[in-house]
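Participant: Pasting entry-v4.txt here (compact mmCIF, C-alpha atoms):
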```txt
# COMPACT_ATOMS: atom_id res chain seq x y z
CA MET A 833 0.00 0.00 0.00
CA LYS A 834 2.86 2.38 0.86
CA ARG A 835 4.45 1.77 -2.54
CA ASN A 836 1.17 2.35 -4.37
CA LYS A 837 0.83 5.66 -2.55
CA LEU A 838 4.36 6.68 -3.54
CA ILE A 839 3.84 6.16 -7.27
CA PHE A 840 0.45 7.86 -7.04
CA ILE A 841 2.09 10.90 -5.37
CA ILE A 842 4.83 10.96 -8.02
CA VAL A 843 2.26 10.92 -10.83
CA VAL A 844 0.14 13.64 -9.19
CA VAL A 845 3.21 15.85 -8.65
CA GLY A 846 4.22 15.30 -12.28
CA ILE A 847 0.78 16.35 -13.51
CA ILE A 848 0.72 19.41 -11.23
CA LEU A 849 4.14 20.55 -12.49
CA ARG A 850 2.88 20.36 -16.06
CA VAL A 851 -0.41 22.11 -15.35
CA VAL A 852 1.38 24.96 -13.54
CA PHE A 853 3.85 25.32 -16.40
CA CYS A 854 1.03 25.46 -18.96
CA LEU A 855 -0.86 28.06 -16.92
CA PHE A 856 2.07 30.46 -16.74
CA THR A 857 3.70 29.89 -20.14
CA PRO A 858 2.41 31.34 -23.44
CA THR A 859 1.65 28.74 -26.10
CA LYS A 860 3.61 29.01 -29.34
CA MET A 861 1.35 28.68 -32.37
CA ASP A 862 3.87 28.73 -35.20
CA LEU A 863 3.68 26.68 -38.42
CA ASP A 864 3.62 23.12 -37.01
CA PRO A 865 1.05 23.75 -34.22
CA GLN A 866 -1.12 25.71 -36.68
CA TYR A 867 -1.05 22.80 -39.11
CA TYR A 868 -2.02 20.26 -36.44
CA TYR A 869 -4.81 22.50 -35.16
CA GLN A 870 -6.17 23.19 -38.65
CA THR A 871 -6.21 19.54 -39.71
CA ALA A 872 -7.84 18.56 -36.41
CA MET A 873 -10.62 21.07 -37.12
CA GLU A 874 -11.03 19.61 -40.62
CA LEU A 875 -11.32 16.09 -39.23
CA CYS A 876 -13.74 17.15 -36.50
CA TYR A 877 -16.11 19.29 -38.56
CA HIS A 878 -15.70 17.96 -42.13
CA ARG A 879 -14.92 14.32 -41.23
CA GLU A 880 -12.04 14.24 -43.70
CA HIS A 881 -8.40 15.28 -44.08
CA ILE A 882 -8.75 18.12 -46.60
CA SER A 883 -5.27 19.66 -46.47
CA ILE A 884 -2.25 18.16 -48.21
CA PRO A 885 -0.61 16.03 -45.47
CA LEU A 886 2.51 17.87 -44.31
CA LYS A 887 2.69 15.64 -41.22
CA PRO A 888 1.56 12.09 -40.44
CA PRO A 889 -2.10 12.19 -39.29
CA PHE A 890 -2.46 10.53 -35.91
CA TYR A 891 -1.68 13.53 -33.69
CA SER A 892 -4.27 15.54 -35.63
CA ILE A 893 -6.73 12.65 -35.15
CA PHE A 894 -5.98 12.71 -31.42
CA LEU A 895 -6.76 16.45 -31.32
CA ALA A 896 -9.88 15.96 -33.45
CA MET A 897 -11.25 13.41 -31.00
CA LEU A 898 -10.79 15.93 -28.17
CA PHE A 899 -12.41 18.71 -30.20
CA CYS A 900 -15.40 16.57 -31.21
CA ILE A 901 -16.11 15.65 -27.59
CA PHE A 902 -15.27 18.88 -25.74
CA GLY A 903 -14.98 21.53 -28.46
CA PRO A 904 -11.81 23.16 -29.88
CA SER A 905 -9.54 24.64 -27.22
CA ILE A 906 -5.78 25.01 -26.74
CA ILE A 907 -6.24 24.73 -22.98
CA LEU A 908 -8.08 21.45 -23.49
CA VAL A 909 -5.13 20.09 -25.49
CA GLN A 910 -2.71 21.11 -22.75
CA ILE A 911 -4.81 19.51 -20.00
CA ALA A 912 -5.14 16.29 -22.02
CA GLN A 913 -1.39 16.22 -22.60
CA CYS A 914 -0.69 16.78 -18.89
CA PHE A 915 -2.78 13.72 -18.01
CA LEU A 916 -1.26 11.76 -20.88
CA GLU A 917 2.13 12.45 -19.32
CA GLY A 918 0.76 11.21 -16.01
CA LEU A 919 0.08 7.89 -17.74
CA THR A 920 3.61 7.97 -19.18
CA ILE A 921 5.04 8.32 -15.66
CA TYR A 922 2.98 5.31 -14.57
CA LEU A 923 4.16 3.31 -17.58
CA VAL A 924 7.82 4.06 -16.86
CA TYR A 925 7.25 2.76 -13.32
CA PHE A 926 5.64 -0.46 -14.59
CA ILE A 927 8.32 -0.99 -17.27
CA ALA A 928 11.18 -0.63 -14.79
CA ARG A 929 9.45 -2.87 -12.23
CA LYS A 930 8.69 -5.51 -14.86
CA ILE A 931 12.30 -5.59 -16.12
CA PHE A 932 14.27 -5.34 -12.88
CA SER A 933 11.76 -6.53 -10.24
CA LEU A 934 13.09 -3.75 -8.01
CA GLU A 935 10.63 -1.25 -6.57
CA PRO A 936 13.24 1.48 -5.84
CA VAL A 937 14.41 1.42 -9.48
CA ALA A 938 10.83 1.79 -10.72
CA LEU A 939 10.18 4.69 -8.35
CA LEU A 940 13.44 6.47 -9.24
CA ALA A 941 12.75 6.12 -12.98
CA SER A 942 9.25 7.54 -12.52
CA VAL A 943 10.58 10.47 -10.45
CA ILE A 944 13.03 11.40 -13.22
CA THR A 945 10.18 11.23 -15.74
CA ALA A 946 7.95 13.37 -13.52
CA VAL A 947 10.49 16.20 -13.25
CA ASP A 948 11.93 16.00 -16.79
CA PRO A 949 11.87 19.64 -18.02
CA PHE A 950 11.81 18.51 -21.67
CA LEU A 951 8.64 16.48 -21.16
CA ILE A 952 7.12 19.29 -19.08
CA TYR A 953 7.99 21.88 -21.73
CA PHE A 954 6.22 20.12 -24.60
CA THR A 955 2.95 19.53 -22.74
CA ASN A 956 2.39 23.25 -23.36
CA ASP A 957 2.73 22.96 -27.14
CA VAL A 958 0.31 21.72 -29.77
CA MET A 959 2.98 19.29 -30.96
CA ALA A 960 3.29 15.51 -31.21
CA GLU A 961 6.09 15.06 -28.63
CA THR A 962 3.83 14.28 -25.65
CA LEU A 963 1.76 11.72 -27.56
CA SER A 964 4.96 10.22 -29.00
CA ALA A 965 6.51 9.79 -25.53
CA PHE A 966 3.32 8.06 -24.37
CA LEU A 967 3.41 5.73 -27.39
CA VAL A 968 7.09 4.88 -26.79
CA SER A 969 6.28 3.93 -23.19
CA THR A 970 3.15 1.95 -24.10
CA ILE A 971 4.82 0.06 -26.94
CA SER A 972 7.79 -0.80 -24.70
CA TYR A 973 5.48 -2.15 -21.99
CA PHE A 974 3.46 -4.39 -24.31
CA LEU A 975 6.54 -5.67 -26.13
CA ILE A 976 8.11 -6.66 -22.80
CA LEU A 977 4.88 -8.49 -21.93
CA SER A 978 4.94 -10.25 -25.29
CA THR A 979 8.32 -11.86 -24.56
CA ASP A 980 6.65 -13.76 -21.70
CA GLY A 981 4.31 -15.53 -24.14
CA GLU A 982 1.49 -12.98 -24.15
CA LEU A 983 0.59 -13.08 -27.85
CA TRP A 984 -2.26 -10.60 -27.41
CA SER A 985 0.21 -8.02 -26.13
CA ALA A 986 2.29 -8.49 -29.30
CA ILE A 987 -0.79 -7.64 -31.38
CA VAL A 988 -1.49 -4.55 -29.24
CA ALA A 989 2.15 -3.50 -29.57
CA GLY A 990 1.94 -3.93 -33.33
CA CYS A 991 -1.15 -1.72 -33.54
CA LEU A 992 0.56 0.93 -31.43
CA ILE A 993 3.70 0.81 -33.59
CA GLY A 994 1.50 1.46 -36.63
CA LEU A 995 -0.09 4.45 -34.88
CA SER A 996 3.35 5.73 -33.81
CA VAL A 997 4.52 5.78 -37.44
CA LEU A 998 1.37 7.78 -38.22
CA THR A 999 2.34 10.17 -35.41
CA ARG A 1000 5.98 10.91 -36.24
CA GLY A 1001 7.89 9.81 -39.33
CA ASN A 1002 11.01 9.00 -37.30
CA PHE A 1003 9.19 5.96 -35.84
CA ALA A 1004 9.28 4.36 -39.29
CA GLY A 1005 12.50 2.42 -38.71
CA TYR A 1006 11.46 1.00 -35.34
CA LEU A 1007 9.76 -2.10 -36.73
CA VAL A 1008 13.02 -3.08 -38.48
CA PHE A 1009 14.98 -2.89 -35.23
CA VAL A 1010 12.23 -4.75 -33.34
CA CYS A 1011 12.34 -7.62 -35.82
CA LEU A 1012 16.16 -7.70 -35.85
CA LEU A 1013 16.71 -7.58 -32.07
CA GLY A 1014 13.64 -9.73 -31.38
CA LEU A 1015 14.91 -12.43 -33.75
CA ILE A 1016 18.31 -12.40 -32.02
CA TYR A 1017 16.60 -12.68 -28.62
CA TYR A 1018 14.42 -15.62 -29.64
CA ILE A 1019 17.32 -17.46 -31.33
CA VAL A 1020 19.58 -17.04 -28.29
CA ASN A 1021 16.81 -18.23 -25.98
CA LYS A 1022 15.93 -21.16 -28.29
CA LYS A 1023 12.36 -19.95 -28.81
CA LEU A 1024 12.58 -19.31 -32.54
CA ARG A 1025 9.20 -20.82 -33.46
CA PHE A 1026 7.35 -18.79 -30.85
CA GLY A 1027 9.47 -15.77 -31.75
CA ILE A 1028 8.42 -15.91 -35.41
CA TYR A 1029 4.74 -16.05 -34.41
CA ASN A 1030 5.30 -13.19 -31.98
CA LEU A 1031 7.11 -10.99 -34.48
CA LEU A 1032 4.44 -11.66 -37.10
CA ALA A 1033 1.79 -10.66 -34.54
CA ILE A 1034 3.68 -7.38 -34.12
CA THR A 1035 4.51 -6.74 -37.78
CA ILE A 1036 1.21 -7.53 -39.51
CA PRO A 1037 -1.08 -5.10 -37.62
CA ALA A 1038 1.61 -2.40 -37.73
CA LEU A 1039 1.94 -2.66 -41.52
CA LEU A 1040 -1.83 -2.89 -42.01
CA ILE A 1041 -2.45 0.34 -40.07
CA VAL A 1042 0.26 2.26 -41.93
CA SER A 1043 -0.81 0.82 -45.30
CA LEU A 1044 -4.35 2.23 -44.88
CA TRP A 1045 -2.94 5.77 -44.77
CA LEU A 1046 -0.47 5.09 -47.59
CA TYR A 1047 -3.27 3.68 -49.78
CA ARG A 1048 -5.42 6.72 -49.07
CA ASN A 1049 -2.59 9.02 -50.20
CA TYR A 1050 -1.93 6.87 -53.25
CA ARG A 1051 -5.54 7.18 -54.37
CA ILE A 1052 -5.52 10.96 -53.95
CA TYR A 1053 -1.95 11.92 -54.95
CA ASN A 1054 -0.98 8.90 -57.07
CA GLU A 1055 2.07 8.05 -54.97
CA ILE A 1056 2.85 6.12 -51.81
CA VAL A 1057 3.84 8.79 -49.27
CA LEU A 1058 3.52 9.24 -45.51
CA ALA A 1059 3.59 13.05 -45.63
CA TYR A 1060 4.88 15.83 -47.86
CA GLN A 1061 7.58 17.20 -45.56
CA ARG A 1062 9.31 19.27 -48.21
CA GLY A 1063 13.05 19.46 -47.95
CA VAL A 1064 13.46 17.22 -44.88
CA LEU A 1065 16.13 15.12 -46.61
CA TRP A 1066 17.84 18.08 -48.28
CA GLN A 1067 17.76 20.08 -45.04
CA GLY A 1068 19.39 17.17 -43.24
CA LEU A 1069 22.38 17.21 -45.60
CA ASN A 1070 23.49 20.67 -44.47
CA PRO A 1071 27.08 20.50 -43.08
CA ASN A 1072 26.64 23.87 -41.32
CA PHE A 1073 23.44 23.15 -39.38
CA GLU A 1074 24.89 24.47 -36.10
CA THR A 1075 23.84 28.07 -36.84
CA PHE A 1076 20.63 29.72 -37.99
CA GLU A 1077 22.54 31.53 -40.74
CA GLY A 1078 24.05 28.26 -41.96
CA ASN A 1079 20.61 26.73 -42.28
CA LYS A 1080 19.20 29.72 -44.14
CA ALA A 1081 22.10 29.70 -46.61
CA TRP A 1082 21.65 25.97 -47.25
CA ASP A 1083 17.88 26.28 -47.79
CA LYS A 1084 18.41 29.19 -50.18
CA GLN A 1085 20.22 26.85 -52.59
CA ILE A 1086 16.93 25.14 -53.37
CA GLU A 1087 14.45 27.98 -52.94
CA ASP A 1088 15.04 29.49 -56.40
CA GLU A 1089 14.80 26.07 -58.03
CA ILE A 1090 11.37 25.25 -56.58
CA LYS A 1091 9.77 28.63 -57.32
CA GLY A 1092 6.50 28.15 -59.15
CA MET A 1093 6.15 24.52 -58.03
CA ASP A 1094 3.24 23.39 -55.90
CA LEU A 1095 3.82 21.63 -52.59
CA ILE A 1096 3.82 18.12 -54.03
CA GLN A 1097 6.15 18.99 -56.93
CA SER A 1098 8.60 20.79 -54.65
CA ASP A 1099 8.60 17.83 -52.23
CA ARG A 1100 9.46 15.42 -55.05
CA TYR A 1101 12.15 17.77 -56.34
CA ALA A 1102 13.74 18.20 -52.89
CA TRP A 1103 13.88 14.42 -52.38
CA LYS A 1104 15.39 13.89 -55.82
CA LYS A 1105 17.99 16.61 -55.23
CA GLY A 1106 18.86 15.17 -51.82
CA LEU A 1107 19.32 11.63 -53.16
CA GLU A 1108 21.48 12.92 -56.03
CA TYR A 1109 23.66 14.81 -53.53
CA ILE A 1110 24.15 11.65 -51.44
CA LYS A 1111 25.06 9.66 -54.54
CA GLN A 1112 27.52 12.33 -55.69
CA TYR A 1113 29.07 13.09 -52.27
CA PRO A 1114 28.78 9.95 -50.08
CA GLU A 1115 31.70 11.01 -47.88
CA LYS A 1116 30.02 14.36 -47.11
CA PHE A 1117 26.78 12.55 -46.32
CA LEU A 1118 28.55 10.24 -43.83
CA TYR A 1119 30.35 13.18 -42.23
CA VAL A 1120 27.10 15.08 -41.70
CA TYR A 1121 25.33 11.89 -40.58
CA VAL A 1122 27.83 11.42 -37.72
CA LYS A 1123 27.51 15.10 -36.81
CA LYS A 1124 23.72 14.74 -36.62
CA ILE A 1125 24.02 11.72 -34.32
CA LEU A 1126 26.20 13.79 -31.98
CA LYS A 1127 23.71 16.66 -32.24
CA PHE A 1128 20.88 14.29 -31.31
CA TRP A 1129 22.56 13.56 -27.97
CA ARG A 1130 23.66 17.13 -27.21
CA PRO A 1131 22.54 18.39 -23.77
CA VAL A 1132 21.99 21.89 -25.20
CA PRO A 1133 20.37 23.00 -28.49
CA TYR A 1134 22.41 25.10 -30.90
CA TYR A 1135 19.92 27.93 -31.36
CA GLY A 1136 16.23 28.86 -31.09
CA TYR A 1137 16.02 28.73 -27.28
CA SER A 1138 16.69 31.27 -24.53
CA LYS A 1139 19.76 31.22 -22.29
CA LYS A 1140 17.62 30.09 -19.34
CA GLU A 1141 16.22 27.20 -21.36
CA LYS A 1142 19.73 26.16 -22.39
CA ILE A 1143 20.94 26.22 -18.77
CA ILE A 1144 17.99 24.07 -17.64
CA SER A 1145 18.59 21.72 -20.56
CA PHE A 1146 22.26 21.28 -19.68
CA ALA A 1147 21.66 20.97 -15.92
CA PHE A 1148 19.07 18.20 -16.35
CA PHE A 1149 20.16 16.21 -19.36
CA THR A 1150 23.91 16.03 -18.68
CA PRO A 1151 23.55 13.91 -15.49
CA VAL A 1152 20.69 11.91 -17.07
CA LEU A 1153 22.91 11.15 -20.06
CA VAL A 1154 25.74 9.98 -17.77
CA LEU A 1155 23.32 7.84 -15.75
CA PHE A 1156 21.78 6.42 -18.94
CA ILE A 1157 25.15 5.46 -20.49
CA SER A 1158 26.25 3.90 -17.21
CA GLY A 1159 22.94 2.06 -17.03
CA LEU A 1160 23.49 0.52 -20.46
CA PHE A 1161 26.48 -1.36 -19.00
CA LEU A 1162 25.08 -2.01 -15.52
CA THR A 1163 21.89 -3.58 -16.92
CA ALA A 1164 23.63 -5.90 -19.38
CA ARG A 1165 22.38 -9.00 -17.54
CA PHE A 1166 18.80 -7.86 -18.21
CA ALA A 1167 19.39 -7.54 -21.96
CA GLY A 1168 16.83 -10.25 -22.71
CA LYS A 1169 14.07 -8.01 -21.32
CA LEU A 1170 15.53 -4.72 -22.51
CA TRP A 1171 15.70 -5.37 -26.27
CA PRO A 1172 12.47 -3.42 -27.05
CA LEU A 1173 14.12 -0.40 -25.38
CA TYR A 1174 17.38 -0.99 -27.26
CA ALA A 1175 15.34 -0.97 -30.48
CA PHE A 1176 13.97 2.49 -29.64
CA ILE A 1177 17.45 3.82 -28.83
CA LEU A 1178 18.85 2.53 -32.13
CA ASN A 1179 15.89 3.75 -34.16
CA PHE A 1180 15.79 7.26 -32.75
CA THR A 1181 19.57 7.62 -33.00
CA LEU A 1182 20.31 6.04 -36.37
CA PHE A 1183 17.09 6.46 -38.34
CA THR A 1184 16.32 10.03 -37.27
CA ALA A 1185 19.82 11.13 -38.23
CA LEU A 1186 19.19 10.08 -41.84
CA MET A 1187 16.91 13.11 -42.15
CA TRP A 1188 16.79 16.30 -40.12
CA VAL A 1189 17.61 16.33 -36.39
CA GLN A 1190 16.37 18.59 -33.63
CA LEU A 1191 16.64 18.05 -29.89
CA ARG A 1192 12.86 17.84 -29.59
CA TYR A 1193 12.97 14.71 -31.76
CA ARG A 1194 14.78 13.04 -28.84
CA VAL A 1195 12.09 13.92 -26.28
CA PRO A 1196 9.87 10.86 -26.97
CA LEU A 1197 12.89 8.69 -26.14
CA HIS A 1198 13.35 10.21 -22.67
CA PRO A 1199 11.11 7.71 -20.81
CA VAL A 1200 13.38 4.93 -22.11
CA LEU A 1201 16.50 6.78 -20.93
CA HIS A 1202 14.94 7.24 -17.49
CA VAL A 1203 14.56 3.47 -17.03
CA PHE A 1204 18.34 3.05 -17.38
CA ALA A 1205 19.08 6.18 -15.34
CA GLY A 1206 16.82 4.95 -12.53
CA TYR A 1207 18.73 1.68 -12.36
CA THR A 1208 22.09 3.48 -12.16
CA LEU A 1209 20.84 5.69 -9.34
CA TRP A 1210 19.60 2.67 -7.43
CA TYR A 1211 22.91 0.88 -8.03
CA VAL A 1212 24.92 3.79 -6.58
CA VAL A 1213 22.59 4.28 -3.60
CA ASP A 1214 22.51 0.54 -2.90
CA ARG A 1215 26.32 0.40 -2.82
CA LEU A 1216 26.46 3.38 -0.44
CA ILE A 1217 23.87 1.76 1.85
CA LYS A 1218 25.87 -1.45 2.01
CA LYS A 1219 29.16 0.37 2.53
CA PHE A 1220 28.01 2.69 5.33
CA GLY A 1221 25.28 0.52 6.82
CA TRP A 1222 22.51 3.02 6.16
CA LYS A 1223 18.91 1.92 6.57
CA PHE A 1224 16.54 2.84 3.79
CA ASN A 1225 13.18 1.15 3.27
CA VAL A 1226 10.89 1.71 0.28
```
Write the structure described by the file as structure tokens, please.
Facilitator:
Amino acid sequence: MKRNKLIFIIVVVGIILRVVFCLFTPTKMDLDPQYYYQTAMELCYHREHISIPLKPPFYSIFLAMLFCIFGPSIILVQIAQCFLEGLTIYLVYFIARKIFSLEPVALLASVITAVDPFLIYFTNDVMAETLSAFLVSTISYFLILSTDGELWSAIVAGCLIGLSVLTRGNFAGYLVFVCLLGLIYYIVNKKLRFGIYNLLAITIPALLIVSLWLYRNYRIYNEIVLAYQRGVLWQGLNPNFETFEGNKAWDKQIEDEIKGMDLIQSDRYAWKKGLEYIKQYPEKFLYVYVKKILKFWRPVPYYGYSKKEKIISFAFFTPVLVLFISGLFLTARFAGKLWPLYAFILNFTLFTALMWVQLRYRVPLHPVLHVFAGYTLWYVVDRLIKKFGWKFNV
């Protein structure tokens, strides 16, 4: 009962922190939030996706469901996202407890999630980061359950993976890593036959869900496309992405060439130009690719945020990063249960870096990092308790 109260208190505190932040922080309604809001209104009142899809649709669908039930409101979105993060905190607790069977680790991981300033920050925005973090946590939980022979949980995980791809494009590589690491796990544990059934139960519903959206776009636009995110590949090839000026200069190279083109034509042209650049300069592509991976794990963004935000970012994420990296080694004996989390780490690091990278693209991965960080904290505290004979009961 005491432990149940502790996690409940942690979740409530996490929700309160987010609500307070939303109440006292202006909401930014720039291009991406405006797009999500507009498409949600279309879905709610016209029952169809009228606009050309610049983003995958599921976050807009999530907003549309809220708007249809309660009416359109930014405050409503923020409240819903605060409670969604409360569920994410709970899920981190259950994931850590399921993997390590250690209550202190689960509580520590949930505390880190509750006070994570990145997660708190994005509950205030009409952006897909909060929903994505929830999906990462939910998928991880059901995949871990599926390794214990729960075939139904594999099907649920597969459905959620499909929805995650329809939330953010950088989820698209996750299924590949799940199948690869899952196959290794089942071969090593001599459960290949069950593993094949399990992986099929994950893969089939995921592909079916994504294929419905791809087929819809094919019928309308005559091509298989997730979203028309113009220039995302070309933008990601910029070797001088560290500065705002460097990004503007790089984008200008293509702006004159796409003048007069509509959105779909310019998207096709940008992809073609990006692929030709990679083919012509593979060494430059690899150089920038490595730089983007390093950028992905930076504690502080290059530009676009205030000095205060950068200080908070550095002060929180630097120790979490150290704890996470340490946890990767300390938890090696639990690798058989951790492979769904490894798959997320590999996907978000390697697949995201193929395109354009921003620090906010890492935010959905934070609940996974907190599981490892929580274990490292427990490991250090446990050693201190044993060394000095402290008494600490949870």
Participant: With only C-alpha atoms as the counted atoms, please give the residues lying no more than 8 Å from range 1173-1177 of chain A, apart from itself and same-chain residues fewer than 5 positions off, as a list in words.
Facilitator: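 Contacts, with the query itself left out: Val968, Ser972, Tyr1006, Phe1009, Val1010, Leu1013, Leu1197 and Val1200 of chain A.
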Participant: When you draw a straight line from CA of Ile884 in chain A to CA of Ala1004 in chain A, how long is it in Å?
Facilitator: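 For CA of Ile884 in chain A relative to CA of Ala1004 in chain A, the distance reads 20.1 Å.
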Participant: Between CA of Thr955 in chain A and CA of Leu898 in chain A, measure the distance and give it in Å to one decimal.
Facilitator: 15.2 Å
Participant: Smallest atom-to-atom distance to Asp1094 in chain A: which of A:Tyr1060, A:Cys914, A:Ile1144, A:Lys1116, using only C-alpha atoms?
Facilitator: A:Tyr1060
Participant: Would you mind listing what lies within 10 Å of Val1120 in chain A as an NGL selection string, with all atoms listed in the file counted and same-chain residues fewer than 6 positions away left out?
Facilitator: :A and (1068-1073 or 1114 or 1126 or 1185-1186)
Participant: N, CA and C atoms are what I want for range 915-941 of chain A; can you complete it accordingly and write them as a PDB file, in the coordinates of the input?
Facilitator:
```
ATOM      1  N   PHE A 915      -2.330  15.007 -18.529  1.00  0.00           N
ATOM      2  CA  PHE A 915      -2.780  13.720 -18.010  1.00  0.00           C
ATOM      3  C   PHE A 915      -2.179  12.552 -18.800  1.00  0.00           C
ATOM      4  N   LEU A 916      -1.928  12.779 -20.084  1.00  0.00           N
ATOM      5  CA  LEU A 916      -1.260  11.760 -20.880  1.00  0.00           C
ATOM      6  C   LEU A 916       0.154  11.518 -20.340  1.00  0.00           C
ATOM      7  N   GLU A 917       0.801  12.587 -19.919  1.00  0.00           N
ATOM      8  CA  GLU A 917       2.130  12.450 -19.320  1.00  0.00           C
ATOM      9  C   GLU A 917       2.055  11.757 -17.959  1.00  0.00           C
ATOM     10  N   GLY A 918       0.959  11.963 -17.251  1.00  0.00           N
ATOM     11  CA  GLY A 918       0.760  11.210 -16.010  1.00  0.00           C
ATOM     12  C   GLY A 918       0.750   9.720 -16.267  1.00  0.00           C
ATOM     13  N   LEU A 919       0.084   9.309 -17.350  1.00  0.00           N
ATOM     14  CA  LEU A 919       0.080   7.890 -17.740  1.00  0.00           C
ATOM     15  C   LEU A 919       1.478   7.436 -18.141  1.00  0.00           C
ATOM     16  N   THR A 920       2.228   8.305 -18.795  1.00  0.00           N
ATOM     17  CA  THR A 920       3.610   7.970 -19.180  1.00  0.00           C
ATOM     18  C   THR A 920       4.468   7.703 -17.950  1.00  0.00           C
ATOM     19  N   ILE A 921       4.290   8.517 -16.912  1.00  0.00           N
ATOM     20  CA  ILE A 921       5.040   8.320 -15.660  1.00  0.00           C
ATOM     21  C   ILE A 921       4.699   6.952 -15.066  1.00  0.00           C
ATOM     22  N   TYR A 922       3.408   6.617 -15.045  1.00  0.00           N
ATOM     23  CA  TYR A 922       2.980   5.310 -14.570  1.00  0.00           C
ATOM     24  C   TYR A 922       3.614   4.189 -15.377  1.00  0.00           C
ATOM     25  N   LEU A 923       3.621   4.349 -16.699  1.00  0.00           N
ATOM     26  CA  LEU A 923       4.160   3.310 -17.580  1.00  0.00           C
ATOM     27  C   LEU A 923       5.654   3.102 -17.349  1.00  0.00           C
ATOM     28  N   VAL A 924       6.389   4.183 -17.145  1.00  0.00           N
ATOM     29  CA  VAL A 924       7.820   4.060 -16.860  1.00  0.00           C
ATOM     30  C   VAL A 924       8.031   3.255 -15.578  1.00  0.00           C
ATOM     31  N   TYR A 925       7.206   3.517 -14.587  1.00  0.00           N
ATOM     32  CA  TYR A 925       7.250   2.760 -13.320  1.00  0.00           C
ATOM     33  C   TYR A 925       7.018   1.273 -13.573  1.00  0.00           C
ATOM     34  N   PHE A 926       5.966   0.940 -14.325  1.00  0.00           N
ATOM     35  CA  PHE A 926       5.640  -0.460 -14.590  1.00  0.00           C
ATOM     36  C   PHE A 926       6.704  -1.142 -15.449  1.00  0.00           C
ATOM     37  N   ILE A 927       7.264  -0.418 -16.411  1.00  0.00           N
ATOM     38  CA  ILE A 927       8.320  -0.990 -17.270  1.00  0.00           C
ATOM     39  C   ILE A 927       9.541  -1.350 -16.433  1.00  0.00           C
ATOM     40  N   ALA A 928       9.995  -0.382 -15.611  1.00  0.00           N
ATOM     41  CA  ALA A 928      11.180  -0.630 -14.790  1.00  0.00           C
ATOM     42  C   ALA A 928      10.938  -1.756 -13.786  1.00  0.00           C
ATOM     43  N   ARG A 929       9.752  -1.801 -13.201  1.00  0.00           N
ATOM     44  CA  ARG A 929       9.450  -2.870 -12.230  1.00  0.00           C
ATOM     45  C   ARG A 929       9.373  -4.226 -12.914  1.00  0.00           C
ATOM     46  N   LYS A 930       8.806  -4.264 -14.122  1.00  0.00           N
ATOM     47  CA  LYS A 930       8.690  -5.510 -14.860  1.00  0.00           C
ATOM     48  C   LYS A 930      10.068  -6.049 -15.252  1.00  0.00           C
ATOM     49  N   ILE A 931      10.965  -5.163 -15.660  1.00  0.00           N
ATOM     50  CA  ILE A 931      12.300  -5.590 -16.120  1.00  0.00           C
ATOM     51  C   ILE A 931      13.192  -5.998 -14.959  1.00  0.00           C
ATOM     52  N   PHE A 932      13.277  -5.147 -13.935  1.00  0.00           N
ATOM     53  CA  PHE A 932      14.270  -5.340 -12.880  1.00  0.00           C
ATOM     54  C   PHE A 932      13.715  -5.984 -11.606  1.00  0.00           C
ATOM     55  N   SER A 933      12.395  -6.000 -11.462  1.00  0.00           N
ATOM     56  CA  SER A 933      11.760  -6.530 -10.240  1.00  0.00           C
ATOM     57  C   SER A 933      12.293  -5.844  -8.989  1.00  0.00           C
ATOM     58  N   LEU A 934      12.560  -4.552  -9.118  1.00  0.00           N
ATOM     59  CA  LEU A 934      13.090  -3.750  -8.010  1.00  0.00           C
ATOM     60  C   LEU A 934      12.243  -2.489  -7.872  1.00  0.00           C
ATOM     61  N   GLU A 935      11.508  -2.385  -6.783  1.00  0.00           N
ATOM     62  CA  GLU A 935      10.630  -1.250  -6.570  1.00  0.00           C
ATOM     63  C   GLU A 935      11.369   0.092  -6.530  1.00  0.00           C
ATOM     64  N   PRO A 936      12.529   0.190  -5.855  1.00  0.00           N
ATOM     65  CA  PRO A 936      13.240   1.480  -5.840  1.00  0.00           C
ATOM     66  C   PRO A 936      13.638   1.958  -7.227  1.00  0.00           C
ATOM     67  N   VAL A 937      14.042   1.038  -8.108  1.00  0.00           N
ATOM     68  CA  VAL A 937      14.410   1.420  -9.480  1.00  0.00           C
ATOM     69  C   VAL A 937      13.197   1.994 -10.200  1.00  0.00           C
ATOM     70  N   ALA A 938      12.058   1.327 -10.066  1.00  0.00           N
ATOM     71  CA  ALA A 938      10.830   1.790 -10.720  1.00  0.00           C
ATOM     72  C   ALA A 938      10.427   3.172 -10.220  1.00  0.00           C
ATOM     73  N   LEU A 939      10.540   3.395  -8.914  1.00  0.00           N
ATOM     74  CA  LEU A 939      10.180   4.690  -8.350  1.00  0.00           C
ATOM     75  C   LEU A 939      11.147   5.787  -8.787  1.00  0.00           C
ATOM     76  N   LEU A 940      12.441   5.485  -8.800  1.00  0.00           N
ATOM     77  CA  LEU A 940      13.440   6.470  -9.240  1.00  0.00           C
ATOM     78  C   LEU A 940      13.239   6.849 -10.705  1.00  0.00           C
ATOM     79  N   ALA A 941      12.983   5.851 -11.559  1.00  0.00           N
ATOM     80  CA  ALA A 941      12.750   6.120 -12.980  1.00  0.00           C
ATOM     81  C   ALA A 941      11.516   6.997 -13.167  1.00  0.00           C
TER      82      ALA A 941
END
```
